[in-house]
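Reviewing the structure listed below.
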Amino acid sequence: MRTPSSVISSGIDLLYIPVFRKFIPLQTFRYATCGGLNMLLDIFLYFIIYNFILDKEIVHLGIVAISPYIAAFLIVFPITFFTGFYLNRNVAFKYSPLKGHVQLFRYLISVAGSILLNYLFLKLFVEVCGIYPTPSKAITTVIIVLYSYVMQKYFSFKGCADR
């Protein structure tokens with residue numbers, strides 16, 4: 001019986017056409033595809049939760065009230081954190097010799113670093129450099145994607161050879 005990760009890997013490998021093979025190693029292609037799928041899931045869940053479940057209303061939790069856009073983020077983040085970990089561990093970096101709990105802890109550190117860097121680069125580009133927020137976010141995203149790939153390959157899932 002095929003596992004979900006082997007089905008996902010097979011589907012991604014079908015998209016790995018000769019044009020991509022010339023420029024991108026399979027592992028990098030799998031990482032990018034998994035990241036893209038997880039990002040689409042994140043946006044989809046955020047949209048549904050913000051617009052329909054929370055109905056754009058403030059969430060009152062007794063002593064604290066949370067804005068709907070932050071509440072939606074807080075609900076979606078754990079889901080996409082674990083789907084991202086699953087995809088990285090079982091599809092993109094499935095040959096890593098590290099134990100799962102070590103990978104998970106390192107992945108958590110990497111994601112925390114991504115969140116911190118997002119904040120710092122946005123502050124830098126918008127407030128210090130005077131760049132508009134949307135281009136700042138685009139530049140930041142490129143930096144974070146590169147950071148994330150290096151962290152996953154050489155830290156979270158260290159020792160994983162391209163196959």
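Going by the structure tokens order, chains are called A, B, ..., each with residues numbered from 1, while ligands are numbered from 1 in the order shown.
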Please return as a count of residues only: the residues of region 11-156 of chain A that backbone DSSP assigns to alpha helix (DSSP H).
-> 95
Counting only C-alpha atoms, closest pick from A:Phe47, A:Phe20, A:Tyr119, A:Phe93 relative to Ala71 (chain A) is A:Phe47
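When only C-alpha atoms are used to measure the gap to Tyr95 (chain A), the shortest distance among A:Val150, A:Tyr16, A:Lys22, A:Gln27 belongs to A:Gln27.
Counting only C-alpha atoms, Phe105 (chain A) has the following residues at most 8 Å away, ignoring those fewer than 4 positions along the same chain: His101, Ile109 and Ser156 of chain A.
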Nearest to Leu117 (chain A) among A:Phe23, A:Gly36, A:Ile58, A:Tyr147, with distances taken over only C-alpha atoms: which residue is it?
->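 Ranked by minimum distance to Leu117 (chain A), first place goes to A:Tyr147.
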Contacts of region 10-15 of chain A within 12 Å, only C-alpha atoms, excl. fewer than 4 positions in-chain, as an MDAnalysis selection string = chainID A and resid 2:6 19:21 25:37 87 91:92 163
